[in-house]
Amino acid sequence: YILYMLIIHSINSVVNKLLQNNQSVLFVHVFVCYNLLNVLAEYILKEYKKVFYRYETHLHTKEASACARTLAKDYIKAYKDAGYAGIIVTDHFFNGNTAVPRNLPWKERVKLFCNGYENAAEEGYKENFHVFFGWEAGFCGTEFLIYGLDKEWLLEHDDILSWSVKKQYRMVKEGGGMVIHAHPYREAPYIPEIRLYPDYVDGAEVYNVSNDNLDIMFNKRAYEYAKKHDLPMTGGSDIHSLPPMAGGMEFNYELKSIQDFIDAVKNKKGMVIG
């Protein structure tokens, strides 16, 4: 925008001086240049204003993740003000660091688990802000982001906690969902070992902002892993509390549903932020 204004200001200054000095022949040449430069300036402004839609893809709420400290509804205004078009709520599932009591009936557990997403979606609706549903499943520290399924699907699969990584992938795929390996090379006390499953995921989270607080090499290795196996790449903050972290993905078109996100990732569209 600044460059655009500088070009216009410079052109106007030259034209005004020529008019004052009555240099008509030179003025014709400058007038032609004026039009060409104006086209260039308009192009620069258009590129500047080109819309990119930014989405947070890995987010935890206080309602359902025991390690989160921010209520779901409070994320909406903060992320909207930060220039995001939407978020995907991915709370820790029952085989991870869940805030949902494990001794409740299955239906009650699922209901409580979905509170984070539903509270965020309700607030998002008021603010004209996209909120999509997902979750983060855990297998002894190895974690996967699940996208494209819903509350009803969870209610119908009360045996999900007995599944292996392989069966999870098969069942999620049959349901129309997508499995992304979250922060595959993270090292932490809750992760006893690095385990990779390139045949049982649809992609890998290659840039996790929270990893930067641990070791920047975790993301570098994840990127190399995805590249080696030709896996689609995603990025996310893995945020547990405000303020927003500068992570996620950008697209040059609006994603209006979680299916739009899945299609974009599988077709390797969009750009990982980071």
# chains A, B, ... in the order shown; residues from 1 in each chain; ligands from 1
call {"tool": "select_by_dssp", "arguments": {"residues": "segment 25-182 of chain A", "states": "strand (DSSP E)", "output": "JSON, numbers by chain"}}
result
{"A": [53, 54, 55, 56, 57, 58, 59, 86, 87, 88, 89, 90, 91, 92, 130, 131, 132, 133, 134, 135, 136, 137, 138, 139, 142, 143, 144, 145, 146, 147, 178, 179, 180, 181]}
call {"tool": "closest_atom_pairs", "arguments": {"of": "segment 67-138 of chain A", "to": "segment 242-261 of chain A", "cutoff": "8 Å", "atoms": "only C-alpha atoms", "output": "tab-separated table"}}
result
residue	atom	partner	partner_atom	distance
A:Thr70	CA	A:Leu242	CA	6.5
A:Tyr75	CA	A:Leu242	CA	7.1
A:Ala78	CA	A:Pro244	CA	6.8
A:Tyr79	CA	A:Pro244	CA	6.3
A:Ala82	CA	A:Pro244	CA	7.4
A:Ala85	CA	A:Glu254	CA	7.8
A:His130	CA	A:Lys256	CA	7.1
A:Phe132	CA	A:Ile258	CA	5.8
A:Phe133	CA	A:Ile258	CA	7.3
call {"tool": "write_last_selection", "arguments": {"atoms": "all heavy atoms", "output": "short mmCIF file (atom, residue, chain, number, x, y, z; two decimals), in the first residue's frame"}}
result
data_model
loop_
_atom_site.label_atom_id
_atom_site.label_comp_id
_atom_site.auth_asym_id
_atom_site.auth_seq_id
_atom_site.Cartn_x
_atom_site.Cartn_y
_atom_site.Cartn_z
N THR A 70 -8.01 -22.05 28.42
CA THR A 70 -8.92 -21.06 27.83
C THR A 70 -10.24 -21.70 27.45
O THR A 70 -10.26 -22.76 26.81
CB THR A 70 -8.28 -20.41 26.59
OG1 THR A 70 -7.12 -19.68 26.99
CG2 THR A 70 -9.25 -19.46 25.90
N TYR A 75 -11.82 -18.04 22.48
CA TYR A 75 -10.89 -18.08 21.35
C TYR A 75 -11.42 -17.28 20.15
O TYR A 75 -10.63 -16.77 19.35
CB TYR A 75 -10.68 -19.52 20.89
CG TYR A 75 -9.73 -20.33 21.74
CD1 TYR A 75 -10.17 -21.44 22.46
CD2 TYR A 75 -8.37 -20.02 21.79
CE1 TYR A 75 -9.30 -22.21 23.22
CE2 TYR A 75 -7.49 -20.78 22.55
CZ TYR A 75 -7.96 -21.87 23.26
OH TYR A 75 -7.09 -22.63 24.01
N ALA A 78 -10.59 -13.48 19.82
CA ALA A 78 -9.13 -13.34 19.78
C ALA A 78 -8.57 -13.75 18.43
O ALA A 78 -7.72 -13.06 17.86
CB ALA A 78 -8.50 -14.18 20.89
N TYR A 79 -9.06 -14.87 17.91
CA TYR A 79 -8.56 -15.33 16.61
C TYR A 79 -9.09 -14.48 15.46
O TYR A 79 -8.39 -14.23 14.48
CB TYR A 79 -8.90 -16.80 16.40
CG TYR A 79 -7.78 -17.71 16.84
CD1 TYR A 79 -7.75 -18.25 18.13
CD2 TYR A 79 -6.73 -18.02 15.99
CE1 TYR A 79 -6.71 -19.08 18.55
CE2 TYR A 79 -5.69 -18.84 16.39
CZ TYR A 79 -5.69 -19.37 17.67
OH TYR A 79 -4.64 -20.16 18.08
N ALA A 82 -7.11 -11.48 15.27
CA ALA A 82 -5.76 -11.79 14.79
C ALA A 82 -5.74 -12.06 13.29
O ALA A 82 -4.68 -12.38 12.73
CB ALA A 82 -5.21 -13.00 15.54
N ALA A 85 -9.74 -16.75 9.73
CA ALA A 85 -11.08 -16.98 9.19
C ALA A 85 -11.79 -18.09 9.93
O ALA A 85 -13.01 -18.23 9.83
CB ALA A 85 -11.00 -17.32 7.70
N HIS A 130 -15.76 -19.19 11.21
CA HIS A 130 -15.85 -20.63 11.03
C HIS A 130 -15.26 -21.40 12.21
O HIS A 130 -14.15 -21.10 12.66
CB HIS A 130 -15.12 -21.06 9.76
CG HIS A 130 -15.76 -20.55 8.50
ND1 HIS A 130 -17.05 -20.89 8.14
CD2 HIS A 130 -15.29 -19.73 7.52
CE1 HIS A 130 -17.35 -20.31 6.98
NE2 HIS A 130 -16.30 -19.59 6.59
N PHE A 132 -14.76 -25.58 13.13
CA PHE A 132 -14.92 -26.96 12.69
C PHE A 132 -14.52 -27.92 13.81
O PHE A 132 -13.81 -27.55 14.75
CB PHE A 132 -14.07 -27.23 11.44
CG PHE A 132 -14.33 -26.27 10.31
CD1 PHE A 132 -13.29 -25.74 9.57
CD2 PHE A 132 -15.63 -25.88 9.99
CE1 PHE A 132 -13.51 -24.86 8.52
CE2 PHE A 132 -15.87 -24.99 8.95
CZ PHE A 132 -14.81 -24.47 8.21
N PHE A 133 -14.95 -29.17 13.67
CA PHE A 133 -14.76 -30.17 14.73
C PHE A 133 -13.70 -31.20 14.36
O PHE A 133 -13.62 -31.65 13.22
CB PHE A 133 -16.10 -30.88 14.98
CG PHE A 133 -16.05 -31.96 16.02
CD1 PHE A 133 -15.77 -31.65 17.34
CD2 PHE A 133 -16.30 -33.28 15.68
CE1 PHE A 133 -15.74 -32.65 18.32
CE2 PHE A 133 -16.27 -34.29 16.65
CZ PHE A 133 -15.99 -33.97 17.97
#
call {"tool": "closest_atom_pairs", "arguments": {"of": "segment 44-90 of chain A", "to": "segment 223-240 of chain A", "cutoff": "7 Å", "atoms": "only C-alpha atoms", "output": "CSV"}}
result
residue,atom,partner,partner_atom,distance
A:Glu56,CA,A:Gly236,CA,5.9
A:Thr57,CA,A:Gly236,CA,5.1
A:His58,CA,A:Asp238,CA,4.7
A:Leu59,CA,A:Ile239,CA,5.0
A:His60,CA,A:His240,CA,5.1
A:Thr61,CA,A:His240,CA,6.5
A:Cys67,CA,A:His240,CA,6.9
A:Ala68,CA,A:His240,CA,4.4
A:Arg69,CA,A:His240,CA,6.1
A:Thr70,CA,A:His240,CA,6.7
call {"tool": "select_by_dssp", "arguments": {"residues": "segment 29-166 of chain A", "states": "alpha helix (DSSP H)", "output": "PyMOL selection string"}}
result
chain A and resi 29-49+72-81+106-113+115-127+151-156+165-166
call {"tool": "closest_residue", "arguments": {"among": "A:Val100, A:Ile262, A:Val209, A:Met171", "to": "Ile88 of chain A", "atoms": "only C-alpha atoms"}}
result
A:Ile262
call {"tool": "closest_residue", "arguments": {"among": "A:Val272, A:Asp158, A:Asp263, A:Pro105", "to": "Tyr207 of chain A", "atoms": "only C-alpha atoms"}}
result
A:Val272
call {"tool": "atom_distance", "arguments": {"atom1": "atom CA of Glu152 of chain A", "atom2": "atom CA of Val110 of chain A"}}
result
9.2 Å
call {"tool": "atom_distance", "arguments": {"atom1": "atom CA of Lys220 of chain A", "atom2": "atom CA of Val172 of chain A"}}
result
27.6 Å
call {"tool": "residues_around", "arguments": {"residues": "Phe139 of chain A", "least_positions_apart": "4", "cutoff": "8 Å", "atoms": "only C-alpha atoms", "output": "ChimeraX atom specification"}}
result
/A:95-96,143,165
call {"tool": "closest_residue", "arguments": {"among": "A:Lys266, A:Arg221, A:Lys126, A:Arg109", "to": "Ile180 of chain A", "atoms": "only C-alpha atoms"}}
result
A:Lys266
call {"tool": "closest_residue", "arguments": {"among": "A:Ala222, A:Cys114, A:Ala121, A:Val89", "to": "Arg186 of chain A", "atoms": "only C-alpha atoms"}}
result
A:Ala222
call {"tool": "residues_around", "arguments": {"residues": "Trp106 of chain A", "least_positions_apart": "5", "cutoff": "12 Å", "atoms": "only C-alpha atoms", "output": "PyMOL selection string"}}
result
chain A and resi 94+100-101+111-113+151+154-161
call {"tool": "closest_residue", "arguments": {"among": "A:Phe52, A:Lys107, A:Ala64, A:Asn267", "to": "Asn119 of chain A", "atoms": "only C-alpha atoms"}}
result
A:Ala64
